[in-house]
Amino acid sequence: MSQYVDVKTENGIQLITLNRPDKKNALLQEMYAVMADSLIAADDDPNIRVTVITGTADSFTSGNDLGDFLNNPAQNDETPVARFIRCLAEIKKPLIAAVNGLAVGVGTTMLMHCDLVYASTNAKFSLPFVNLALVPEASSSYLMPKMLGHQRASELLLLGEPFDAEKAQRYGVINEITSTEDLLPKAMEAAAKIALKAPEAVRLAKALLKNDQEAVLNQMNVESEVFRDRLHSAEAKEAFMAFMERRAPDFSKFN
Ligand code: COA
């Protein structure tokens with residue numbers, strides 16, 4: 001349970017809503033745990049055919065809570081965040097994202113695992129891992145070159161600059177752009193169509209479309225190890241402190 005994530009199911013559709021708007025839906029461990037539990041439960045529940053994930057106010061999510069990165073860095077692969085990203089690669093039922101604003105870090109990398117992605121005109125994506133002295137996660141270093149091509153993936157992951165919905169669509173990260181009012185109805189409409197289809201056929205079709213699951217999970221494990229080391233690095237500590245102190249990081253003393 002988390003006060004920051006709402007989960008409800010209606011007409012075969014599970015809706016997960018991230019709801020910590022005063023922190024731009026920055027993700028705490030308890031929020032990852034609820035998302036992972038809900039996705040796993042959906043796979044086991046014959047009454048759920050598809051999941052939709054969205055945010056609140058002006059944010060899908062601003063990514064991992066940076067205070068958590070600083071104060072509570074992951075020590076092993078059994079953390080809620082590790083469980084959540086593994087789940088993204090392993091779930092058998094479709095996952096649809098409705099990106100209603102900021103989608104930072106895992107807010108964008110999780111989209112590479114979603115089956116359909118809709119974004120509103122005010123959506124703003126970014127992958128600031130290297131800016132934070134971190135490395136890509138959630139198998140994005142495998143999926144993004146595969147989906148977008150090496151140069152586009154490198155542009156987004158090495159420069160870490162925000163990009164808008166139009167560019168996300170051009171690069172193949174999202175399916176469609178809607179107005180803010182039409183976003184959730186659009187995602188729910190697609191979900192409702194899927195919920196009416198033969199469930200086993202849907203699961204099999206998804207499995208066929210994602211026929212490189214082993215490679216995805218392997219790269220996730222490789223990334224996780226490097227990511228965990230980076231969380232304890234002096235470079236990353238400088239980046240997190242800089243965010244807390246609302247200043248630019250100074251990496252000049254590192255080599
Ligand atoms: N972790 C912790 N707190 C966060 C956060 C995050 N990822 N993202 C936003 N917040 C908090 C801010 O600290 C601020 O808290 P405060 O009101 O107590 O000071 C509040 O949410 C609002 O954020 P603010 O920075 O004032 O909003 P903004 O619209 O100017 O900027 C962002 C929004 C997302 C661009 C900016 O907050 C940001 O860069 N956040 C960090 C994103 C990030 O690096 N995520 C990790 C990726 S791996």
# chains A, B, ... in the order shown; residues from 1 in each chain; ligands from 1
$ residues_near_ligand --ligand "ligand 1" --cutoff "6 Å" --atoms "only C-alpha atoms and all ligand atoms" --output "PyMOL selection string"
chain A and resi 22-24+26+62-67+104-105+128-129
$ write_last_selection --atoms "N, CA and C atoms" --output "tab-separated table (two decimals), in the first residue's frame"
chain	number	residue	atom	x	y	z
A	22	ASP	N	2.93	16.94	-5.44
A	22	ASP	CA	3.78	18.02	-4.92
A	22	ASP	C	5.25	17.73	-5.14
A	23	LYS	N	5.60	16.47	-5.40
A	23	LYS	CA	7.00	16.12	-5.71
A	23	LYS	C	7.09	15.64	-7.17
A	24	LYS	N	6.17	16.12	-7.99
A	24	LYS	CA	6.15	15.76	-9.42
A	24	LYS	C	6.12	14.25	-9.62
A	26	ALA	N	7.69	11.98	-8.02
A	26	ALA	CA	8.99	11.30	-7.82
A	26	ALA	C	8.71	9.98	-7.11
A	62	SER	N	8.61	12.25	-12.20
A	62	SER	CA	9.94	12.88	-12.32
A	62	SER	C	11.04	11.88	-12.03
A	63	GLY	N	10.70	10.60	-12.05
A	63	GLY	CA	11.72	9.56	-11.90
A	63	GLY	C	11.98	9.23	-10.44
A	64	ASN	N	13.04	8.50	-10.23
A	64	ASN	CA	13.36	8.08	-8.86
A	64	ASN	C	13.52	9.30	-7.95
A	65	ASP	N	13.02	9.19	-6.73
A	65	ASP	CA	13.22	10.26	-5.76
A	65	ASP	C	14.73	10.42	-5.51
A	66	LEU	N	15.25	11.63	-5.76
A	66	LEU	CA	16.70	11.82	-5.67
A	66	LEU	C	17.19	11.78	-4.23
A	67	GLY	N	16.32	12.14	-3.30
A	67	GLY	CA	16.68	12.02	-1.87
A	67	GLY	C	16.90	10.56	-1.52
A	104	VAL	N	10.52	11.68	-16.48
A	104	VAL	CA	11.97	11.78	-16.30
A	104	VAL	C	12.54	10.41	-15.91
A	105	GLY	N	13.73	10.11	-16.39
A	105	GLY	CA	14.43	8.88	-15.98
A	105	GLY	C	13.58	7.65	-16.26
A	128	PRO	N	18.09	11.89	-17.77
A	128	PRO	CA	19.26	12.62	-17.27
A	128	PRO	C	20.28	11.76	-16.52
A	129	PHE	N	20.35	10.45	-16.86
A	129	PHE	CA	21.21	9.56	-16.07
A	129	PHE	C	22.66	10.04	-16.03
$ closest_atom_pairs --of "region 87-138 of chain A" --to "region 158-162 of chain A" --cutoff "6 Å" --atoms "only C-alpha atoms" --output "Markdown table"
| residue | atom | partner | partner_atom | distance |
| --- | --- | --- | --- | --- |
| A:Phe125 | CA | A:Pro162 | CA | 5.4 |
| A:Ser126 | CA | A:Pro162 | CA | 4.4 |
| A:Leu127 | CA | A:Gly160 | CA | 5.0 |
| A:Pro128 | CA | A:Gly160 | CA | 4.3 |
$ residues_around --residues "Ile194 (chain A)" --least-positions-apart "6" --cutoff "9 Å" --atoms "only C-alpha atoms" --output "PDB file with N, CA, C and O atoms, in the first residue's frame"
ATOM      1  N   ARG A  49      -7.504  -7.702 -17.815  1.00  0.00           N
ATOM      2  CA  ARG A  49      -7.007  -8.043 -19.158  1.00  0.00           C
ATOM      3  C   ARG A  49      -5.852  -7.142 -19.582  1.00  0.00           C
ATOM      4  O   ARG A  49      -5.073  -7.492 -20.453  1.00  0.00           O
ATOM      5  N   VAL A  50      -5.781  -5.953 -18.976  1.00  0.00           N
ATOM      6  CA  VAL A  50      -4.806  -4.955 -19.449  1.00  0.00           C
ATOM      7  C   VAL A  50      -4.633  -3.909 -18.344  1.00  0.00           C
ATOM      8  O   VAL A  50      -5.555  -3.690 -17.554  1.00  0.00           O
ATOM      9  N   PRO A  94      -0.897  -6.855 -21.562  1.00  0.00           N
ATOM     10  CA  PRO A  94      -0.470  -5.552 -22.105  1.00  0.00           C
ATOM     11  C   PRO A  94      -0.463  -4.435 -21.058  1.00  0.00           C
ATOM     12  O   PRO A  94      -1.283  -4.417 -20.141  1.00  0.00           O
ATOM     13  N   VAL A 202      -4.131 -12.510 -26.959  1.00  0.00           N
ATOM     14  CA  VAL A 202      -3.435 -11.247 -26.661  1.00  0.00           C
ATOM     15  C   VAL A 202      -2.097 -11.545 -25.983  1.00  0.00           C
ATOM     16  O   VAL A 202      -1.050 -10.993 -26.361  1.00  0.00           O
TER      17      VAL A 202
END
$ residues_around --residues "Val117 (chain A)" --least-positions-apart "4" --cutoff "9 Å" --atoms "only C-alpha atoms" --output "VMD selection string"
chain A and resid 95 to 99 111 173 to 176 187
$ residues_around --residues "Gln29 (chain A)" --least-positions-apart "5" --cutoff "9 Å" --atoms "only C-alpha atoms" --output "compact mmCIF listing (two decimals) with N, CA and C atoms, in the first residue's frame"
# COMPACT_ATOMS: atom_id res chain seq x y z
N VAL A 34 4.23 -0.96 -4.93
CA VAL A 34 2.82 -1.06 -5.30
C VAL A 34 2.67 -1.30 -6.81
N ASN A 64 13.04 8.50 -10.23
CA ASN A 64 13.36 8.08 -8.86
C ASN A 64 13.52 9.30 -7.95
N ASP A 65 13.02 9.19 -6.73
CA ASP A 65 13.22 10.26 -5.76
C ASP A 65 14.73 10.42 -5.51
N ASP A 68 16.06 9.71 -2.06
CA ASP A 68 16.19 8.27 -1.83
C ASP A 68 17.49 7.73 -2.40
N THR A 79 15.57 -4.94 -4.38
CA THR A 79 14.86 -3.73 -3.99
C THR A 79 13.55 -3.63 -4.78
N PRO A 80 12.57 -2.85 -4.29
CA PRO A 80 11.34 -2.66 -5.05
C PRO A 80 11.57 -2.12 -6.46
N VAL A 81 12.56 -1.24 -6.61
CA VAL A 81 12.78 -0.70 -7.95
C VAL A 81 13.27 -1.79 -8.89
$ closest_residue --among "A:Ile91, A:Met112, A:Leu39, A:Val226" --to "Tyr142 (chain A)" --atoms "only C-alpha atoms"
A:Met112
$ residues_around --residues "Asn19 (chain A)" --least-positions-apart "4" --cutoff "10 Å" --atoms "only C-alpha atoms" --output "ChimeraX atom specification"
/A:2-6,23-27,31,54-57,59-61
